[in-house]
Structure formats: C-alpha cells, structure tokens
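Shown here: protein.txt, compact mmCIF, C-alpha atoms and all ligand atoms.
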# COMPACT_ATOMS: atom_id res chain seq x y z
CA MET A 265 -9.39 4.14 -9.22
CA SER A 266 -12.20 1.65 -9.44
CA ASP A 267 -11.08 0.08 -12.72
CA LYS A 268 -8.13 -1.67 -11.16
CA ASN A 269 -6.80 -3.43 -14.20
CA GLY A 270 -7.42 -0.35 -16.30
CA TRP A 271 -4.88 1.78 -14.48
CA LEU A 272 -2.27 -0.93 -14.47
CA GLU A 273 -2.59 -1.32 -18.21
CA PHE A 274 -2.35 2.45 -18.68
CA GLU A 275 0.74 2.84 -16.54
CA ARG A 276 2.39 -0.08 -18.29
CA ARG A 277 2.24 1.84 -21.55
CA HIS A 278 2.81 5.39 -20.31
CA VAL A 279 4.89 5.49 -17.13
CA TRP A 280 8.65 4.88 -17.05
CA HIS A 281 10.17 2.65 -14.41
CA PRO A 282 13.79 2.87 -13.23
CA TYR A 283 16.40 1.34 -15.55
CA ALA A 284 13.67 -0.39 -17.54
CA SER A 285 12.33 -0.70 -21.06
CA MET A 286 8.99 0.84 -22.01
CA GLN A 287 8.81 -1.47 -25.00
CA LYS A 288 9.36 -4.66 -23.06
CA PRO A 289 8.04 -3.56 -19.68
CA PRO A 290 9.33 -5.64 -16.79
CA GLN A 291 6.83 -7.28 -14.45
CA VAL A 292 5.77 -4.82 -11.73
CA PHE A 293 3.65 -5.53 -8.68
CA ALA A 294 0.88 -3.13 -7.66
CA VAL A 295 1.06 -2.11 -3.99
CA GLU A 296 -2.14 -1.00 -2.31
CA ARG A 297 -0.78 -0.10 1.09
CA ALA A 298 2.13 -0.74 3.41
CA GLU A 299 2.28 -1.19 7.15
CA GLY A 300 5.19 -2.04 9.45
CA VAL A 301 7.52 -4.25 7.38
CA ARG A 302 4.76 -5.47 5.05
CA LEU A 303 3.76 -4.45 1.55
CA PHE A 304 0.15 -5.34 0.70
CA LEU A 305 -0.33 -6.06 -2.97
CA GLN A 306 -3.47 -5.32 -4.90
CA ASP A 307 -3.99 -9.03 -5.55
CA GLY A 308 -4.30 -9.67 -1.82
CA LYS A 309 -0.79 -11.01 -1.24
CA SER A 310 1.45 -9.49 1.43
CA LEU A 311 5.24 -9.35 1.29
CA ILE A 312 7.85 -8.92 4.00
CA ASP A 313 9.95 -6.01 2.81
CA GLY A 314 13.70 -6.64 2.64
CA MET A 315 14.55 -3.46 0.75
CA ALA A 316 13.12 -0.68 2.94
CA SER A 317 12.18 0.99 -0.36
CA TRP A 318 15.72 1.42 -1.58
CA TRP A 319 17.11 1.59 1.94
CA CYS A 320 15.01 4.54 3.15
CA ALA A 321 12.11 3.18 5.23
CA ILE A 322 14.14 2.48 8.37
CA HIS A 323 11.07 2.62 10.66
CA GLY A 324 8.89 0.60 8.28
CA TYR A 325 5.66 1.95 6.78
CA ASN A 326 2.67 3.89 8.02
CA VAL A 327 4.54 5.16 11.06
CA ALA A 328 2.25 7.03 13.46
CA ALA A 329 4.86 9.62 14.53
CA LEU A 330 5.76 10.44 10.92
CA ASN A 331 2.13 10.58 9.80
CA GLN A 332 1.46 12.97 12.61
CA ALA A 333 4.44 15.19 11.79
CA ALA A 334 3.31 15.42 8.16
CA ALA A 335 -0.32 16.15 9.06
CA GLN A 336 0.70 18.79 11.57
CA GLN A 337 3.05 20.50 9.13
CA LEU A 338 0.33 20.51 6.46
CA GLU A 339 -1.88 22.51 8.82
CA SER A 340 0.61 25.42 8.73
CA MET A 341 2.25 25.10 5.28
CA ALA A 342 3.34 22.40 2.87
CA HIS A 343 5.95 24.57 1.22
CA VAL A 344 7.33 28.05 0.85
CA MET A 345 10.31 29.17 -1.21
CA PHE A 346 13.62 29.36 0.67
CA GLY A 347 14.92 32.42 -1.17
CA GLY A 348 14.36 35.33 1.19
CA LEU A 349 12.12 33.25 3.49
CA THR A 350 12.86 30.72 6.17
CA HIS A 351 11.07 28.48 8.66
CA CYS A 352 11.55 26.66 11.92
CA PRO A 353 11.57 23.05 10.56
CA ALA A 354 14.71 23.80 8.49
CA SER A 355 16.52 25.25 11.48
CA GLU A 356 15.52 22.49 13.88
CA LEU A 357 16.45 19.77 11.42
CA ALA A 358 19.82 21.40 10.72
CA GLU A 359 20.50 21.67 14.44
CA LEU A 360 19.82 17.99 15.02
CA LEU A 361 21.73 16.85 11.91
CA LEU A 362 24.81 18.82 12.89
CA ARG A 363 24.63 17.47 16.42
CA LEU A 364 24.58 13.87 15.14
CA ALA A 365 27.15 14.36 12.37
CA PRO A 366 30.89 13.74 12.74
CA ASN A 367 32.80 16.49 14.56
CA GLY A 368 33.30 19.74 12.73
CA MET A 369 30.22 19.78 10.49
CA LYS A 370 28.83 23.29 10.81
CA GLN A 371 26.47 24.12 7.91
CA VAL A 372 23.72 22.34 6.02
CA PHE A 373 22.50 22.88 2.48
CA PHE A 374 19.12 21.17 1.99
CA ALA A 375 18.70 19.58 -1.44
CA ASP A 376 15.97 17.63 -3.21
CA SER A 377 17.59 14.24 -3.67
CA GLY A 378 20.78 12.31 -3.12
CA SER A 379 22.10 12.89 -6.63
CA VAL A 380 21.49 16.62 -6.36
CA SER A 381 23.30 16.73 -3.02
CA VAL A 382 26.31 15.12 -4.73
CA GLU A 383 26.17 17.80 -7.44
CA ILE A 384 26.15 20.47 -4.74
CA ALA A 385 29.02 18.83 -2.85
CA ILE A 386 31.09 18.82 -6.05
CA LYS A 387 30.23 22.47 -6.73
CA MET A 388 31.18 23.37 -3.17
CA ALA A 389 34.57 21.70 -3.55
CA ILE A 390 35.27 23.36 -6.89
CA GLN A 391 34.08 26.77 -5.67
CA TYR A 392 36.23 26.38 -2.55
CA TRP A 393 39.37 26.49 -4.71
CA LYS A 394 38.04 28.97 -7.27
CA SER A 395 37.18 31.49 -4.54
CA GLN A 396 40.79 31.28 -3.42
CA LYS A 397 41.98 31.99 -6.95
CA ASN A 398 43.09 28.43 -7.57
CA SER A 399 41.33 27.48 -10.77
CA LYS A 400 43.50 24.42 -11.44
CA LYS A 401 41.87 22.28 -8.76
CA THR A 402 38.72 21.13 -10.55
CA ARG A 403 38.98 17.35 -10.76
CA LEU A 404 37.86 14.63 -8.36
CA LEU A 405 39.56 11.47 -7.21
CA THR A 406 37.38 8.52 -6.27
CA ILE A 407 37.58 4.74 -6.01
CA ARG A 408 36.18 2.05 -8.28
CA HIS A 409 32.86 0.34 -7.52
CA GLY A 410 31.35 3.61 -6.26
CA TYR A 411 27.81 4.88 -6.83
CA HIS A 412 26.88 8.51 -6.28
CA GLY A 413 23.72 9.06 -8.31
CA ASP A 414 22.36 9.37 -11.82
CA THR A 415 22.76 13.07 -12.65
CA PHE A 416 25.69 14.13 -14.82
CA GLY A 417 28.09 15.31 -12.14
CA ALA A 418 27.35 12.28 -10.01
CA MET A 419 27.61 9.86 -12.94
CA GLY A 420 31.12 11.16 -13.54
CA VAL A 421 32.26 9.67 -10.23
CA CYS A 422 30.32 6.39 -10.45
CA ASP A 423 32.26 3.25 -11.31
CA PRO A 424 33.38 3.59 -14.94
CA ASP A 425 32.41 -0.01 -15.74
CA THR A 426 29.21 -0.66 -13.76
CA GLY A 427 28.16 3.02 -13.96
CA MET A 428 26.94 4.60 -17.18
CA HIS A 429 30.19 6.06 -18.44
CA HIS A 430 30.16 4.20 -21.74
CA LEU A 431 26.69 5.55 -22.64
CA PHE A 432 27.77 9.13 -22.10
CA ALA A 433 31.34 8.87 -23.30
CA GLY A 434 32.78 12.32 -23.85
CA MET A 435 29.99 14.06 -21.96
CA LEU A 436 31.12 13.28 -18.42
CA ALA A 437 33.82 15.17 -16.58
CA GLN A 438 37.07 13.21 -16.64
CA HIS A 439 37.80 12.28 -13.07
CA ILE A 440 40.42 9.98 -11.61
CA PHE A 441 39.70 6.45 -10.38
CA ALA A 442 41.83 4.54 -7.93
CA GLU A 443 41.55 0.86 -7.11
CA ALA A 444 38.97 0.19 -4.40
CA PRO A 445 40.06 -1.54 -1.20
CA GLU A 446 39.25 -5.22 -0.89
CA ASN A 447 36.14 -6.56 0.72
CA VAL A 448 36.80 -7.15 4.41
CA SER A 449 35.41 -10.65 4.06
CA GLN A 450 38.22 -11.52 1.70
CA ALA A 451 41.29 -9.93 3.16
CA ASP A 452 42.71 -8.43 6.29
CA TRP A 453 43.91 -4.89 5.96
CA ASP A 454 47.34 -4.30 4.53
CA GLU A 455 48.94 -1.17 3.19
CA THR A 456 49.04 -2.40 -0.40
CA GLN A 457 45.30 -1.68 -0.56
CA ILE A 458 45.89 2.07 -0.37
CA ALA A 459 48.92 2.08 -2.69
CA ASP A 460 47.12 2.98 -5.93
CA PHE A 461 45.05 5.68 -4.21
CA ALA A 462 48.15 7.13 -2.53
CA GLU A 463 50.04 7.21 -5.81
CA LYS A 464 47.16 8.95 -7.62
CA ILE A 465 46.45 11.59 -5.01
CA GLU A 466 50.13 12.51 -4.90
CA ARG A 467 50.49 12.62 -8.68
CA HIS A 468 47.32 14.66 -9.26
CA GLN A 469 47.26 16.81 -6.09
CA HIS A 470 47.55 20.11 -7.96
CA GLU A 471 44.45 19.46 -10.08
CA LEU A 472 42.34 17.76 -7.40
CA ALA A 473 39.50 19.70 -5.78
CA ALA A 474 38.33 16.77 -3.69
CA VAL A 475 38.18 13.07 -3.06
CA ILE A 476 34.67 11.60 -3.02
CA LEU A 477 33.74 8.15 -1.76
CA GLU A 478 31.19 6.13 0.17
CA PRO A 479 32.56 5.38 3.65
CA ILE A 480 32.95 1.69 4.67
CA VAL A 481 30.09 0.38 2.50
CA GLN A 482 29.92 0.89 -1.25
CA GLY A 483 26.23 0.51 -2.08
CA ALA A 484 24.67 0.35 -5.53
CA GLY A 485 28.10 0.00 -7.18
CA GLY A 486 28.56 -3.46 -5.71
CA MET A 487 27.50 -3.75 -2.05
CA ARG A 488 31.12 -3.93 -0.91
CA VAL A 489 32.40 -3.53 2.64
CA TYR A 490 35.93 -2.30 3.27
CA ALA A 491 38.25 -1.76 6.22
CA PRO A 492 38.18 1.44 8.31
CA GLN A 493 41.96 1.70 7.91
CA PHE A 494 41.44 2.63 4.26
CA LEU A 495 39.18 5.53 5.20
CA ARG A 496 41.62 6.74 7.85
CA ARG A 497 44.47 6.68 5.32
CA VAL A 498 42.31 8.58 2.80
CA ARG A 499 41.65 11.31 5.38
CA ALA A 500 45.37 11.58 6.18
CA LEU A 501 46.34 11.68 2.50
CA CYS A 502 43.74 14.39 1.77
CA ASP A 503 45.28 16.48 4.55
CA GLU A 504 48.82 15.79 3.37
CA PHE A 505 48.13 16.81 -0.24
CA ASP A 506 45.63 19.59 0.46
CA VAL A 507 42.59 17.96 -1.14
CA LEU A 508 39.06 18.19 0.32
CA LEU A 509 37.27 15.02 1.42
CA ILE A 510 33.62 14.48 0.47
CA VAL A 511 31.94 11.44 2.01
CA ASP A 512 28.70 10.19 0.54
CA GLU A 513 26.69 8.84 3.49
CA ILE A 514 23.46 8.74 1.49
CA ALA A 515 23.20 4.94 1.79
CA THR A 516 25.11 4.44 5.04
CA GLY A 517 23.76 7.32 7.14
CA PHE A 518 21.28 7.10 10.01
CA GLY A 519 22.35 3.83 11.57
CA ARG A 520 22.31 1.40 8.65
CA THR A 521 25.85 0.08 9.32
CA GLY A 522 25.45 -0.01 13.09
CA LYS A 523 26.91 3.50 13.59
CA MET A 524 24.90 6.67 13.11
CA PHE A 525 27.31 7.49 10.25
CA ALA A 526 29.78 5.04 8.72
CA CYS A 527 32.61 7.57 9.14
CA GLU A 528 32.51 6.69 12.82
CA TYR A 529 34.06 3.28 12.05
CA ALA A 530 37.23 5.16 11.13
CA GLY A 531 36.80 8.01 13.61
CA ILE A 532 37.24 10.57 10.85
CA SER A 533 35.44 13.76 9.87
CA PRO A 534 35.03 14.74 6.24
CA ASP A 535 35.08 18.29 4.91
CA ILE A 536 31.77 17.79 3.11
CA MET A 537 29.18 15.09 3.72
CA CYS A 538 26.06 14.11 1.76
CA VAL A 539 23.02 12.59 3.44
CA GLY A 540 19.71 11.51 1.92
CA LYS A 541 17.76 8.27 1.54
CA ALA A 542 16.73 7.41 5.15
CA LEU A 543 16.71 11.08 6.20
CA THR A 544 12.90 11.30 6.10
CA GLY A 545 12.39 7.67 7.12
CA GLY A 546 11.41 6.95 3.53
CA TYR A 547 8.43 9.33 3.46
CA MET A 548 9.59 11.77 0.82
CA THR A 549 12.65 13.02 -0.95
CA LEU A 550 15.10 15.22 0.94
CA ALA A 551 18.88 15.35 1.13
CA GLY A 552 21.48 17.49 2.81
CA VAL A 553 25.04 18.62 2.19
CA LEU A 554 26.94 19.25 5.41
CA SER A 555 30.18 21.20 5.43
CA ASN A 556 32.81 22.22 7.95
CA ALA A 557 33.90 25.77 8.77
CA LYS A 558 36.95 25.50 6.52
CA VAL A 559 34.86 24.73 3.44
CA CYS A 560 32.33 27.42 4.26
CA ALA A 561 35.02 30.06 4.78
CA GLY A 562 36.87 28.95 1.64
CA VAL A 563 33.80 29.11 -0.58
CA HIS A 564 33.13 32.67 0.59
CA GLN A 565 36.58 34.12 0.09
CA ASN A 566 36.68 37.18 -2.11
CA ASP A 567 32.93 37.59 -1.54
CA SER A 568 31.99 34.50 -3.54
CA ILE A 569 28.69 32.74 -2.89
CA LEU A 570 27.63 29.12 -3.46
CA MET A 571 25.81 28.99 -6.77
CA HIS A 572 22.91 26.64 -6.12
CA GLY A 573 19.26 27.06 -5.14
CA PRO A 574 16.65 24.43 -5.93
CA THR A 575 12.95 25.32 -6.16
CA PHE A 576 12.00 22.96 -3.34
CA MET A 577 15.01 23.75 -1.17
CA ALA A 578 14.36 22.87 2.50
CA ASN A 579 10.74 21.90 1.80
CA PRO A 580 9.03 22.36 5.19
CA LEU A 581 6.96 19.20 4.90
CA ALA A 582 10.04 17.09 4.23
CA CYS A 583 12.03 18.87 6.97
CA SER A 584 9.28 18.24 9.54
CA VAL A 585 9.02 14.56 8.68
CA ALA A 586 12.83 14.23 8.71
CA LEU A 587 12.97 15.83 12.14
CA ALA A 588 10.31 13.43 13.42
CA SER A 589 12.14 10.49 11.85
CA LEU A 590 15.45 11.40 13.50
CA ARG A 591 13.77 11.90 16.86
CA LEU A 592 12.01 8.56 16.51
CA LEU A 593 15.35 6.93 15.68
CA LEU A 594 17.07 8.51 18.68
CA ASP A 595 14.21 7.52 21.00
CA SER A 596 14.47 3.90 19.84
CA PRO A 597 17.16 1.34 20.73
CA TRP A 598 18.28 1.61 17.09
CA GLN A 599 21.86 0.54 17.62
CA ALA A 600 20.91 -2.58 19.60
CA ARG A 601 18.34 -3.39 16.91
CA VAL A 602 20.81 -3.00 14.07
CA MET A 603 23.45 -5.04 15.89
CA ALA A 604 20.88 -7.79 16.56
CA ILE A 605 20.02 -7.80 12.84
CA GLU A 606 23.73 -8.02 12.03
CA LYS A 607 24.17 -10.99 14.34
CA GLN A 608 21.18 -12.81 12.91
CA LEU A 609 22.21 -12.08 9.30
CA LYS A 610 25.67 -13.46 10.01
CA SER A 611 24.35 -16.66 11.53
CA GLU A 612 21.66 -17.24 8.89
CA LEU A 613 23.56 -16.29 5.73
CA VAL A 614 27.05 -17.55 6.40
CA SER A 615 26.21 -21.13 5.37
CA CYS A 616 25.65 -19.85 1.81
CA ARG A 617 29.41 -19.39 1.47
CA ASN A 618 29.63 -23.14 0.86
CA LEU A 619 27.26 -23.10 -2.11
CA PRO A 620 29.07 -23.60 -5.40
CA GLN A 621 27.05 -20.74 -6.99
CA VAL A 622 28.07 -18.23 -4.30
CA ALA A 623 31.18 -16.05 -4.55
CA ASP A 624 30.95 -14.23 -1.22
CA VAL A 625 28.69 -13.38 1.72
CA ARG A 626 28.99 -9.98 3.40
CA VAL A 627 27.20 -8.59 6.44
CA ILE A 628 27.54 -5.24 8.21
CA GLY A 629 24.84 -3.70 10.38
CA ALA A 630 21.42 -4.18 8.81
CA ILE A 631 22.92 -5.07 5.42
CA GLY A 632 23.14 -8.68 4.24
CA VAL A 633 24.65 -9.53 0.87
CA ILE A 634 25.10 -12.75 -1.09
CA GLU A 635 27.31 -12.23 -4.11
CA MET A 636 26.70 -14.90 -6.75
CA LYS A 637 29.28 -16.01 -9.29
CA GLN A 638 26.86 -15.32 -12.17
CA PRO A 639 24.42 -12.43 -12.72
CA VAL A 640 20.99 -13.10 -11.25
CA ASP A 641 18.20 -13.77 -13.77
CA MET A 642 15.82 -11.09 -12.54
CA ALA A 643 12.87 -12.05 -14.75
CA ARG A 644 12.88 -15.49 -13.15
CA ILE A 645 13.98 -14.65 -9.61
CA GLN A 646 11.76 -11.65 -8.86
CA PRO A 647 8.42 -13.54 -9.14
CA LEU A 648 9.98 -16.39 -7.16
CA PHE A 649 10.67 -14.10 -4.22
CA VAL A 650 7.12 -12.74 -4.44
CA GLU A 651 5.80 -16.30 -4.39
CA LYS A 652 7.80 -16.86 -1.21
CA GLY A 653 6.13 -13.81 0.36
CA VAL A 654 9.17 -11.53 0.46
CA TRP A 655 10.22 -8.37 -1.36
CA ILE A 656 13.87 -8.75 -2.31
CA ARG A 657 15.18 -7.12 -5.46
CA PRO A 658 18.58 -8.37 -6.60
CA PHE A 659 20.80 -6.56 -9.07
CA GLY A 660 23.72 -7.84 -11.07
CA LYS A 661 25.28 -10.71 -9.13
CA LEU A 662 23.92 -9.48 -5.82
CA ILE A 663 21.08 -10.83 -3.71
CA TYR A 664 20.90 -8.50 -0.73
CA ILE A 665 18.60 -7.11 1.93
CA MET A 666 18.51 -3.83 3.85
CA PRO A 667 15.31 -4.25 5.89
CA PRO A 668 13.60 -1.72 8.17
CA TYR A 669 15.29 -1.69 11.60
CA ILE A 670 12.00 -2.64 13.28
CA ILE A 671 11.85 -6.06 11.60
CA SER A 672 11.18 -8.98 13.97
CA PRO A 673 13.59 -11.95 14.15
CA GLU A 674 10.85 -14.16 12.67
CA ASP A 675 10.28 -11.91 9.66
CA LEU A 676 14.03 -11.52 9.18
CA SER A 677 14.34 -15.31 9.14
CA CYS A 678 11.76 -15.44 6.34
CA LEU A 679 13.94 -13.07 4.33
CA THR A 680 17.18 -14.97 4.90
CA ARG A 681 15.48 -18.32 4.19
CA ALA A 682 14.24 -16.99 0.86
CA MET A 683 17.74 -15.67 0.07
CA ARG A 684 19.32 -19.03 0.87
CA GLU A 685 16.77 -20.93 -1.20
CA VAL A 686 17.14 -18.68 -4.21
CA ALA A 687 20.95 -18.67 -3.98
CA ALA A 688 20.92 -22.48 -4.02
CA ILE A 689 18.88 -22.75 -7.23
C1 LIG A 701 21.01 6.40 -3.70
C2 LIG A 701 22.34 7.03 -3.65
C3 LIG A 701 22.61 8.25 -4.28
C4 LIG A 701 21.58 8.96 -5.14
O1 LIG A 701 20.47 9.36 -4.41
P1 LIG A 701 19.07 9.68 -5.17
O2 LIG A 701 18.20 10.16 -4.09
O3 LIG A 701 18.65 8.41 -5.81
O4 LIG A 701 19.38 10.73 -6.17
C5 LIG A 701 23.87 8.80 -4.14
N1 LIG A 701 24.82 8.19 -3.42
C6 LIG A 701 24.60 7.01 -2.78
C7 LIG A 701 25.69 6.40 -1.98
C8 LIG A 701 23.37 6.39 -2.88
O5 LIG A 701 23.17 5.21 -2.29
Can you present the structure in this file as structure tokens?
Ligand SMILES: *Cc1c(COP(=O)(O)O)cnc(C)c1O
Amino acid sequence: MSDKNGWLEFERRHVWHPYASMQKPPQVFAVERAEGVRLFLQDGKSLIDGMASWWCAIHGYNVAALNQAAAQQLESMAHVMFGGLTHCPASELAELLLRLAPNGMKQVFFADSGSVSVEIAIKMAIQYWKSQKNSKKTRLLTIRHGYHGDTFGAMGVCDPDTGMHHLFAGMLAQHIFAEAPENVSQADWDETQIADFAEKIERHQHELAAVILEPIVQGAGGMRVYAPQFLRRVRALCDEFDVLLIVDEIATGFGRTGKMFACEYAGISPDIMCVGKALTGGYMTLAGVLSNAKVCAGVHQNDSILMHGPTFMANPLACSVALASLRLLLDSPWQARVMAIEKQLKSELVSCRNLPQVADVRVIGAIGVIEMKQPVDMARIQPLFVEKGVWIRPFGKLIYIMPPYIISPEDLSCLTRAMREVAAI
C-alpha cells in the first residue's frame, strides 16, 4: 500500500492481535521485510530477532532453499484436498519425520497448527480406549505450568492458573494436574519430585486415557527446564498403569534444546507425539501428530477410524517447505550451532543471577531465560528493546530469547546485552 500510515491506522481499529485489547490497542511495530536474523521495520530501523517468530524461524528469514521449495511447489499445486487424494510431498515429509523421531513412531497425521495437533492427539488417545470397548478411560493427566495451545481441548490441559481455565470455568474438560518437577537450575533430581505425579496416576489409572506433557522444557507456561529423570519415570509409570503417553514437542522439536527432540534427553519414546512450530522453518503453519504401532492398532480395533480431517490437511505447499526446512537443518551443523549458542548464553546471562530483581536464569540449547521477581511492564519494556535494536518480547515475569540457530556470536551478544540491561532496570 502506498498510504503507509493509512493502513496502520486501519489495522489498529479492525485487526485483532494476540492476547490484546482492540479498545486499547498495544503498540505494534510494522515490519517491511526480514532477512537472516534481522527484521526491517517500516520506519527504517532494523532489529536483531531474538524470538524466531514465536520459536519457528530456526533458519532465519528469507531463506533461499525454502523460497525455492515454495516456488517450485507452487508451479505444480498449492493445495489439493487430502480426502481421496494424495501427493508426494506428504509422503516424503512423513518418511523423514518418522526417521528423525524417537524409536517406534510409525504414522503421521498432518494438522493445521499446534493446537489442532494437540486436539487430534487427545482424540487419538480417547479413541484408542473406546475402540477397545473401554469407555471409562477419557481423562488426561498432566503437570502444572504446561502450555498446549488455545483451542478448547488444549486449554483443558494448560496450567490451571496461568492458562485460561478461570475464563472458561465449567466449559473445559476436567483433567488432572500433578505438581511439575522443579527447575533444574534450582534443584538436583530427587524422587520426591515425581511423588505427586506417581500418586495421581496410580489413583486415577482406570479413568486415564493418557498423560500429556512438554518434554524437558515447558514453554509458554513458564519457560521451565526440568530433569530427564522425571520424564523417564513418567514413561515407566505410564507403562506400569496402562496409560498412553503424549509428548508435546511443538516448542522443543527440531533441535531447539540441543537434541533433535527433547525426548532424547531421557532416551524415551512416547506413544503419541505432536510437532509444529519450527516444522516449516517458520514459513507457514503446519503440524503433525506422530503415533506408534500400538496406538494405531488400538484406534482401529473393531473397525473404528480416527474421526478427524481438516480442510487443509497435509497442504502440499507447507509439506514441501517443511521437507526443505528439515533437509536444510540436517545439512547444517545444527547441533554444534545450538550447543555454541547454549555455551554463549550461559556465559553471558549467568551474571544476572546476582541482580536483586532476578529470581532465576535458565539456559538449555538455544533457549535463554531470565525470570524476574516481578512481572515485566511490557508497555515500557517493549519500546526499550526496540530502541536497543533487538526484538525480544517478554511475558509475565520472563525475559527470554529463542533466536534462529544461524545467529552470529556478535548478534547474540547484542541480544544478551539488551536482556542484561533491561533486567537491571
Ligand atoms: C505453541 C505451542 C502450541 C500451540 O501451537 P499453535 O500453532 O500456536 O496452535 C502447543 N504446544 C506447545 C508446547 C507450544 O509451544
């Protein structure tokens, strides 16, 4: 649009932003283009991106290989329905995903977004028991501080306090919440951390379809990092009490924690696994639900079928870009890059622990978190970060970054310096 201010004014009055008021619109910054790890604003400023667009843009922006994959796919078809039709990009992407996934994952259901993949995972777990004529096992067990998405099924397993339970009281399924394990930065592992979970899974085993949790890192529910021992004990308890295990790798998947999938820290395989976010390298929305042979066979007993089928299921354009993104990741020294980011984050953020305003500092892989003692004043802090030439978007008490893996040490230092300065205010 030529009337630059005109469109901004229009969108301010007519276009919703996430978790924001339309009546008192928050300040938003107009982006003209993005390249590498930089966002170029309409006013001429450029920002080093610490968020990877909500953790998705792992290769940065305007990536030649992904542009090319999209352009090439457009030449043949942008989309066709998946009911009764199929295409090569879906098959090739599934093949690669299953090869990378923890042992035992055998099928993929392609969904439109992370939240939808969580809905499908929950349906799969419930149908697994229903198909076997066990209609009592319909509830889920999860841990506090979790985040699994904003749709109704997913909201029901988000943290009851930081999630949106109170707004939708009575409308969400009543699931069971166990205490979350402690942050690794605060405590070594001991068995007391699994005690509440162990008690609840035993007590509720006959009504539990599945356990759902984020492995090793809890993202939007608090940016917490917990010990692999907890995840291993969860897997063992699920087996002992005959409950399926769903892991939500939507935030952690595709190398973010330093492993391809965070499950690898514990050496476990789930029964069902959700992936999304970085799957397409941040180009477009696509998610997947992976399942093992046991789940697939269980769902189909007595000739049952999985009751889900989104309009844009396995969108060929998204599948092609995802395939290119995964190949690009595998062709890059991604693990060395992420471990180098981890090392630098540790050395440049750890000094913040001594600030009186700071409660905790946590680093794993390409994730760096400063937890403040008080909630961050976003209206004040956001423009401050922009002034400093970085894009960092805190929430609650958390100032954190999850940058693209391709970020240079110099640019990463700019991000951590800005974090330190803002945390010290
Ligand atoms: C972002 C996220 C979701 C929801 O994904 P959307 O694509 O936003 O629907 C679910 N689970 C986790 C762990 C996430 O980080």
Between atom CA of Cys352 of chain A and atom CA of Met388 of chain A - distance in Å to one decimal: 25.0 Å
Contacts of ligand LIG 701 (chain A), 6 Å or closer, all atoms listed in the file, given as a PyMOL selection string: chain A and resi 377-379+411-413+478+483+512+514-515+541
Selection as a PDB file with C-alpha atoms, keeping the file's coordinate frame: residues within 10 Å of (34.3, 10.2, -13.6), counting only C-alpha atoms:
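Output below, filename selection.pdb:
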ATOM      1  CA  ARG A 403      38.980  17.350 -10.760  1.00  0.00           C
ATOM      2  CA  LEU A 404      37.860  14.630  -8.360  1.00  0.00           C
ATOM      3  CA  LEU A 405      39.560  11.470  -7.210  1.00  0.00           C
ATOM      4  CA  THR A 406      37.380   8.520  -6.270  1.00  0.00           C
ATOM      5  CA  ILE A 407      37.580   4.740  -6.010  1.00  0.00           C
ATOM      6  CA  ARG A 408      36.180   2.050  -8.280  1.00  0.00           C
ATOM      7  CA  PHE A 416      25.690  14.130 -14.820  1.00  0.00           C
ATOM      8  CA  GLY A 417      28.090  15.310 -12.140  1.00  0.00           C
ATOM      9  CA  ALA A 418      27.350  12.280 -10.010  1.00  0.00           C
ATOM     10  CA  MET A 419      27.610   9.860 -12.940  1.00  0.00           C
ATOM     11  CA  GLY A 420      31.120  11.160 -13.540  1.00  0.00           C
ATOM     12  CA  VAL A 421      32.260   9.670 -10.230  1.00  0.00           C
ATOM     13  CA  CYS A 422      30.320   6.390 -10.450  1.00  0.00           C
ATOM     14  CA  ASP A 423      32.260   3.250 -11.310  1.00  0.00           C
ATOM     15  CA  PRO A 424      33.380   3.590 -14.940  1.00  0.00           C
ATOM     16  CA  GLY A 427      28.160   3.020 -13.960  1.00  0.00           C
ATOM     17  CA  MET A 428      26.940   4.600 -17.180  1.00  0.00           C
ATOM     18  CA  HIS A 429      30.190   6.060 -18.440  1.00  0.00           C
ATOM     19  CA  LEU A 436      31.120  13.280 -18.420  1.00  0.00           C
ATOM     20  CA  ALA A 437      33.820  15.170 -16.580  1.00  0.00           C
ATOM     21  CA  GLN A 438      37.070  13.210 -16.640  1.00  0.00           C
ATOM     22  CA  HIS A 439      37.800  12.280 -13.070  1.00  0.00           C
ATOM     23  CA  ILE A 440      40.420   9.980 -11.610  1.00  0.00           C
ATOM     24  CA  PHE A 441      39.700   6.450 -10.380  1.00  0.00           C
TER      25      PHE A 441
END
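Distance-wise, atom CA of Phe505 of chain A and atom CA of Ile458 of chain A end up 14.9 Å apart.
Compared by their closest atoms to His323 of chain A, and using only C-alpha atoms, the residues A:Leu362, A:Ile670, A:Met487, A:Ile656 rank with A:Ile670 nearest.
Relative to atom CA of Ile312 of chain A, atom CA of Asn331 of chain A is found at 21.1 Å.
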Centre, edges in Å (one decimal): axis-aligned box, segment 362-372 of chain A, 3 Å padding on all six sides, as lines of an AutoDock Vina configuration file:
center_x = 28.5
center_y = 18.9
center_z = 11.2
size_x = 15.6
size_y = 16.4
size_z = 16.4
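Nearest to Gly660 of chain A of all the residues A:Leu495, A:Met642, A:Ala334, A:Val563 is A:Met642, counting all atoms listed in the file.
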Residue nearest His409 of chain A among A:Gly348, A:Gly485, A:Pro479, A:Gly519 (counting all atoms listed in the file): A:Gly485
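Counting all atoms listed in the file, the residue from A:Arg681, A:Lys387, A:His470, A:Lys309 that sits nearest to Gly573 of chain A is A:Lys387.
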Quick one: residues within 10 Å of segment 566-571 of chain A, only C-alpha atoms counted, chain neighbours fewer than 6 positions away excluded, as an mmCIF file with C-alpha atoms, in the coordinates of the input?
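Written output follows (result_35.cif):
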data_model
loop_
_atom_site.group_PDB
_atom_site.id
_atom_site.type_symbol
_atom_site.label_atom_id
_atom_site.label_comp_id
_atom_site.auth_asym_id
_atom_site.auth_seq_id
_atom_site.Cartn_x
_atom_site.Cartn_y
_atom_site.Cartn_z
ATOM 1 C CA ILE A 384 26.150 20.470 -4.740
ATOM 2 C CA LYS A 387 30.230 22.470 -6.730
ATOM 3 C CA MET A 388 31.180 23.370 -3.170
ATOM 4 C CA GLN A 391 34.080 26.770 -5.670
ATOM 5 C CA TYR A 392 36.230 26.380 -2.550
ATOM 6 C CA LYS A 394 38.040 28.970 -7.270
ATOM 7 C CA SER A 395 37.180 31.490 -4.540
ATOM 8 C CA GLN A 396 40.790 31.280 -3.420
ATOM 9 C CA LYS A 397 41.980 31.990 -6.950
ATOM 10 C CA CYS A 560 32.330 27.420 4.260
#
